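J.: Below you'll find the structure I mean.
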Amino acid sequence: MKMQQLLDNFLLFQKVKGNTLETILYYNKRIGYFIKFCNNKNIKLLNIKDYNNYALYLKQKNLSSYTIKTSLNAVKILLKYAYDYNYITNNITKNIKPYKCEKKTIVVLNDIQIKEILNSYDYNTLYGSRNLLIISLMLDAGLRVSEVSNLDFEDINIGLKLIKVYGKGQKERLVPLTDTILFYFNKYIEISKLSNGALFIDFKNNLRLKSSSIAEIIIRLKRKLGYKKLNPHYLRHTFATLFLVNGGDPVHLQLILGHETLFMTEHYLHIANQMTMQKQSKFSPLSNLKKT
């Protein structure tokens, strides 16, 4: 069996498991690169050397350590699947060491930048109300871009002030519907006249707005404001960090973000503690020393 056929079987398995389309497309793309690198060889001939050579190839392409890590992880998952389901007899993954990813400090938006972003659109217009609702869902509720794209009107519960979100692996969770999000939501439905089906529409074709289209909205905003960095996940980072800075509980943040373990949330706690510590300088003895 060739590697491409193994990938086809693997992707079918992912569909049966109920993984999202975004996850399946990601596996197809990342593993596809590995297959091309290996010239679609027979899977019986796969060995640890193929994996290691591919890892070296990725490092030489000057990719970010995070991209390399996630790409290799996708390959590792495929190889594990091949062994578990008897496509190969050699458990290649047992000899694979985790790729060390460079830790980058999370930088979040400040108050001035947040105000600039919100003031970039007119909430009394169709596109302005839609885009502000999109941004507020990431910046005030911590939703991923794919989660925003997949929202339906029925997922917004105004009575309970909750949003039903389908996260990774179609896992359902509830997040708070804040007053700001509710304000933009009411403006959006008032102007768009929409009330059911997909929450966000590409008004050019009347189809659900894709994750890529939402990301493009943020990219255009980045260029307009002249920011060096701005993307959907940057908005989520800002929400998580400022949630803790403002006194939010890490356990509640874990539930809101849809993290499986508290460990994944602790990095935000570290950044929040640093930001809070900076504010303590005003209490220092010399800063409060009366000038004579």
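Residue numbering restarts at 1 for every chain of the structure tokens, chains are lettered A, B, ... in their displayed order, and ligands are numbered from 1 as they appear.
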DSSP on the backbone: what in segment 19-148 of chain A comes out alpha helix (DSSP H), as a PyMOL selection string?

T.: chain A and resi 21-37+48-60+65-84+111-118+126-139+145-148

J.: Pick out the residues sitting within 9 Å of His237 of chain A, and hand them over as a PyMOL selection string; count only C-alpha atoms, and ignore anything fewer than 4 positions along from it in its own chain.

T.: chain A and resi 106-109+139+142+232-233+241-242+268

J.: Output all heavy atoms for every residue in that selection, as a PDB file, in the first residue's frame.

T.:
ATOM      1  N   ILE A 106       3.807  35.798  24.992  1.00  0.00           N
ATOM      2  CA  ILE A 106       2.547  36.270  24.438  1.00  0.00           C
ATOM      3  C   ILE A 106       2.418  37.768  24.688  1.00  0.00           C
ATOM      4  O   ILE A 106       2.539  38.230  25.813  1.00  0.00           O
ATOM      5  CB  ILE A 106       1.351  35.533  25.074  1.00  0.00           C
ATOM      6  CG1 ILE A 106       1.383  34.044  24.690  1.00  0.00           C
ATOM      7  CG2 ILE A 106       0.032  36.150  24.644  1.00  0.00           C
ATOM      8  CD1 ILE A 106       0.287  33.228  25.336  1.00  0.00           C
ATOM      9  N   VAL A 107       2.236  38.528  23.622  1.00  0.00           N
ATOM     10  CA  VAL A 107       2.015  39.968  23.720  1.00  0.00           C
ATOM     11  C   VAL A 107       0.553  40.220  23.375  1.00  0.00           C
ATOM     12  O   VAL A 107       0.038  39.704  22.390  1.00  0.00           O
ATOM     13  CB  VAL A 107       2.935  40.745  22.764  1.00  0.00           C
ATOM     14  CG1 VAL A 107       2.687  42.242  22.890  1.00  0.00           C
ATOM     15  CG2 VAL A 107       4.395  40.418  23.046  1.00  0.00           C
ATOM     16  N   VAL A 108      -0.128  41.007  24.193  1.00  0.00           N
ATOM     17  CA  VAL A 108      -1.551  41.227  23.984  1.00  0.00           C
ATOM     18  C   VAL A 108      -1.821  42.686  23.646  1.00  0.00           C
ATOM     19  O   VAL A 108      -0.979  43.565  23.816  1.00  0.00           O
ATOM     20  CB  VAL A 108      -2.367  40.817  25.231  1.00  0.00           C
ATOM     21  CG1 VAL A 108      -2.144  39.348  25.546  1.00  0.00           C
ATOM     22  CG2 VAL A 108      -1.996  41.676  26.433  1.00  0.00           C
ATOM     23  N   LEU A 109      -3.018  42.941  23.165  1.00  0.00           N
ATOM     24  CA  LEU A 109      -3.440  44.291  22.825  1.00  0.00           C
ATOM     25  C   LEU A 109      -3.613  45.136  24.087  1.00  0.00           C
ATOM     26  O   LEU A 109      -4.078  44.633  25.109  1.00  0.00           O
ATOM     27  CB  LEU A 109      -4.760  44.250  22.059  1.00  0.00           C
ATOM     28  CG  LEU A 109      -4.742  43.554  20.695  1.00  0.00           C
ATOM     29  CD1 LEU A 109      -6.172  43.272  20.235  1.00  0.00           C
ATOM     30  CD2 LEU A 109      -4.015  44.407  19.666  1.00  0.00           C
ATOM     31  N   LEU A 139     -12.577  38.620  21.150  1.00  0.00           N
ATOM     32  CA  LEU A 139     -11.914  39.511  22.096  1.00  0.00           C
ATOM     33  C   LEU A 139     -12.603  39.562  23.452  1.00  0.00           C
ATOM     34  O   LEU A 139     -11.977  39.893  24.460  1.00  0.00           O
ATOM     35  CB  LEU A 139     -11.857  40.921  21.497  1.00  0.00           C
ATOM     36  CG  LEU A 139     -10.928  41.954  22.115  1.00  0.00           C
ATOM     37  CD1 LEU A 139      -9.500  41.430  22.221  1.00  0.00           C
ATOM     38  CD2 LEU A 139     -10.951  43.230  21.285  1.00  0.00           C
ATOM     39  N   GLY A 142     -13.266  34.867  23.829  1.00  0.00           N
ATOM     40  CA  GLY A 142     -12.152  33.956  23.605  1.00  0.00           C
ATOM     41  C   GLY A 142     -12.400  32.860  22.585  1.00  0.00           C
ATOM     42  O   GLY A 142     -11.720  31.832  22.603  1.00  0.00           O
ATOM     43  N   PRO A 232      -6.699  36.451  14.371  1.00  0.00           N
ATOM     44  CA  PRO A 232      -7.755  35.949  15.263  1.00  0.00           C
ATOM     45  C   PRO A 232      -7.249  35.382  16.582  1.00  0.00           C
ATOM     46  O   PRO A 232      -7.844  35.621  17.638  1.00  0.00           O
ATOM     47  CB  PRO A 232      -8.433  34.872  14.407  1.00  0.00           C
ATOM     48  CG  PRO A 232      -8.254  35.352  13.007  1.00  0.00           C
ATOM     49  CD  PRO A 232      -6.877  35.943  12.992  1.00  0.00           C
ATOM     50  N   HIS A 233      -6.136  34.634  16.536  1.00  0.00           N
ATOM     51  CA  HIS A 233      -5.648  34.026  17.777  1.00  0.00           C
ATOM     52  C   HIS A 233      -5.058  35.081  18.711  1.00  0.00           C
ATOM     53  O   HIS A 233      -5.054  34.907  19.934  1.00  0.00           O
ATOM     54  CB  HIS A 233      -4.606  32.952  17.461  1.00  0.00           C
ATOM     55  CG  HIS A 233      -4.653  31.797  18.416  1.00  0.00           C
ATOM     56  ND1 HIS A 233      -5.741  30.947  18.518  1.00  0.00           N
ATOM     57  CD2 HIS A 233      -3.765  31.356  19.337  1.00  0.00           C
ATOM     58  CE1 HIS A 233      -5.515  30.041  19.452  1.00  0.00           C
ATOM     59  NE2 HIS A 233      -4.324  30.267  19.962  1.00  0.00           N
ATOM     60  N   THR A 241      -5.653  36.670  28.616  1.00  0.00           N
ATOM     61  CA  THR A 241      -4.743  37.358  29.533  1.00  0.00           C
ATOM     62  C   THR A 241      -5.461  38.429  30.341  1.00  0.00           C
ATOM     63  O   THR A 241      -5.325  38.503  31.571  1.00  0.00           O
ATOM     64  CB  THR A 241      -3.581  37.997  28.742  1.00  0.00           C
ATOM     65  OG1 THR A 241      -2.924  36.984  27.965  1.00  0.00           O
ATOM     66  CG2 THR A 241      -2.577  38.625  29.692  1.00  0.00           C
ATOM     67  N   LEU A 242      -6.258  39.265  29.669  1.00  0.00           N
ATOM     68  CA  LEU A 242      -6.950  40.348  30.367  1.00  0.00           C
ATOM     69  C   LEU A 242      -8.059  39.820  31.280  1.00  0.00           C
ATOM     70  O   LEU A 242      -8.395  40.446  32.283  1.00  0.00           O
ATOM     71  CB  LEU A 242      -7.520  41.345  29.362  1.00  0.00           C
ATOM     72  CG  LEU A 242      -6.469  42.092  28.520  1.00  0.00           C
ATOM     73  CD1 LEU A 242      -7.130  43.157  27.663  1.00  0.00           C
ATOM     74  CD2 LEU A 242      -5.391  42.708  29.402  1.00  0.00           C
ATOM     75  N   TYR A 268      -1.132  31.715  30.279  1.00  0.00           N
ATOM     76  CA  TYR A 268      -1.818  33.005  30.345  1.00  0.00           C
ATOM     77  C   TYR A 268      -1.729  33.572  31.762  1.00  0.00           C
ATOM     78  O   TYR A 268      -1.607  34.785  31.945  1.00  0.00           O
ATOM     79  CB  TYR A 268      -3.288  32.848  29.946  1.00  0.00           C
ATOM     80  CG  TYR A 268      -3.502  32.520  28.491  1.00  0.00           C
ATOM     81  CD1 TYR A 268      -4.068  31.308  28.109  1.00  0.00           C
ATOM     82  CD2 TYR A 268      -3.144  33.422  27.498  1.00  0.00           C
ATOM     83  CE1 TYR A 268      -4.270  31.002  26.778  1.00  0.00           C
ATOM     84  CE2 TYR A 268      -3.341  33.126  26.162  1.00  0.00           C
ATOM     85  CZ  TYR A 268      -3.905  31.915  25.801  1.00  0.00           C
ATOM     86  OH  TYR A 268      -4.097  31.622  24.479  1.00  0.00           O
TER      87      TYR A 268
END

J.: Taking into account only C-alpha atoms, which residue in the set A:Tyr127, A:Phe239, A:Tyr121, A:Phe34 is nearest to Lys204 of chain A?

T.: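 Between A:Tyr127, A:Phe239, A:Tyr121, A:Phe34, the residue approaching Lys204 of chain A most closely is A:Tyr127.
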
J.: Which neighbours of Asn124 of chain A fall inside 10 Å, counting only C-alpha atoms, when residues of the same chain fewer than 3 positions from it are skipped, and could you give them as a PyMOL selection string?

T.: chain A and resi 121+127-130+184+187-188+190-191

J.: Hey, can you check how far atom CA of Ser65 of chain A sits from atom CA of Lys29 of chain A?

T.: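 It comes out at 17.7 Å.
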
J.: Show me, as a PyMOL selection string, the residues that have an atom within 12 Å of Phe203 of chain A when counting only C-alpha atoms, minus same-chain residues fewer than 3 positions from it.

T.: chain A and resi 126-127+130+192+194+198-200+206-210+213

J.: Go ahead and dump the residues you just picked, N, CA and C atoms, as a PDB file, in the first residue's frame.

T.:
ATOM      1  N   LEU A 126     -24.211  47.433   7.878  1.00  0.00           N
ATOM      2  CA  LEU A 126     -24.303  45.971   7.785  1.00  0.00           C
ATOM      3  C   LEU A 126     -22.958  45.305   8.062  1.00  0.00           C
ATOM      4  N   TYR A 127     -21.931  45.696   7.318  1.00  0.00           N
ATOM      5  CA  TYR A 127     -20.624  45.069   7.482  1.00  0.00           C
ATOM      6  C   TYR A 127     -19.977  45.476   8.813  1.00  0.00           C
ATOM      7  N   ARG A 130     -21.601  43.411  11.621  1.00  0.00           N
ATOM      8  CA  ARG A 130     -21.160  42.011  11.518  1.00  0.00           C
ATOM      9  C   ARG A 130     -19.726  41.855  11.997  1.00  0.00           C
ATOM     10  N   SER A 192     -29.226  43.405   9.587  1.00  0.00           N
ATOM     11  CA  SER A 192     -29.168  42.326   8.592  1.00  0.00           C
ATOM     12  C   SER A 192     -30.523  41.686   8.331  1.00  0.00           C
ATOM     13  N   LEU A 194     -31.532  39.099   9.667  1.00  0.00           N
ATOM     14  CA  LEU A 194     -31.365  37.648   9.762  1.00  0.00           C
ATOM     15  C   LEU A 194     -31.842  37.176  11.127  1.00  0.00           C
ATOM     16  N   ALA A 198     -26.992  30.118   9.749  1.00  0.00           N
ATOM     17  CA  ALA A 198     -25.639  30.581  10.060  1.00  0.00           C
ATOM     18  C   ALA A 198     -25.668  32.008  10.592  1.00  0.00           C
ATOM     19  N   LEU A 199     -24.936  32.254  11.665  1.00  0.00           N
ATOM     20  CA  LEU A 199     -24.917  33.588  12.258  1.00  0.00           C
ATOM     21  C   LEU A 199     -24.212  34.579  11.338  1.00  0.00           C
ATOM     22  N   PHE A 200     -23.098  34.155  10.765  1.00  0.00           N
ATOM     23  CA  PHE A 200     -22.319  35.066   9.926  1.00  0.00           C
ATOM     24  C   PHE A 200     -22.377  34.640   8.463  1.00  0.00           C
ATOM     25  N   ASN A 206     -24.188  34.867   0.011  1.00  0.00           N
ATOM     26  CA  ASN A 206     -25.213  34.413   0.959  1.00  0.00           C
ATOM     27  C   ASN A 206     -24.926  33.036   1.547  1.00  0.00           C
ATOM     28  N   LEU A 207     -23.640  32.697   1.674  1.00  0.00           N
ATOM     29  CA  LEU A 207     -23.225  31.450   2.299  1.00  0.00           C
ATOM     30  C   LEU A 207     -22.552  31.748   3.631  1.00  0.00           C
ATOM     31  N   ARG A 208     -22.399  30.714   4.457  1.00  0.00           N
ATOM     32  CA  ARG A 208     -21.736  30.885   5.758  1.00  0.00           C
ATOM     33  C   ARG A 208     -20.342  31.468   5.549  1.00  0.00           C
ATOM     34  N   LEU A 209     -19.990  32.418   6.379  1.00  0.00           N
ATOM     35  CA  LEU A 209     -18.670  33.039   6.300  1.00  0.00           C
ATOM     36  C   LEU A 209     -17.614  32.045   6.790  1.00  0.00           C
ATOM     37  N   LYS A 210     -16.638  31.743   5.954  1.00  0.00           N
ATOM     38  CA  LYS A 210     -15.611  30.761   6.282  1.00  0.00           C
ATOM     39  C   LYS A 210     -14.570  31.340   7.244  1.00  0.00           C
ATOM     40  N   SER A 213     -12.178  33.603   5.544  1.00  0.00           N
ATOM     41  CA  SER A 213     -12.726  34.930   5.248  1.00  0.00           C
ATOM     42  C   SER A 213     -12.700  35.818   6.491  1.00  0.00           C
TER      43      SER A 213
END

J.: At a cut-off of 12 Å, using only C-alpha atoms, what residues contact Ile181 of chain A? Leave out same-chain residues fewer than 2 positions from it and give the result as an MDAnalysis selection string.

T.: chainID A and resid 118 123 129:142 156:158 161:163 175:179 183:188
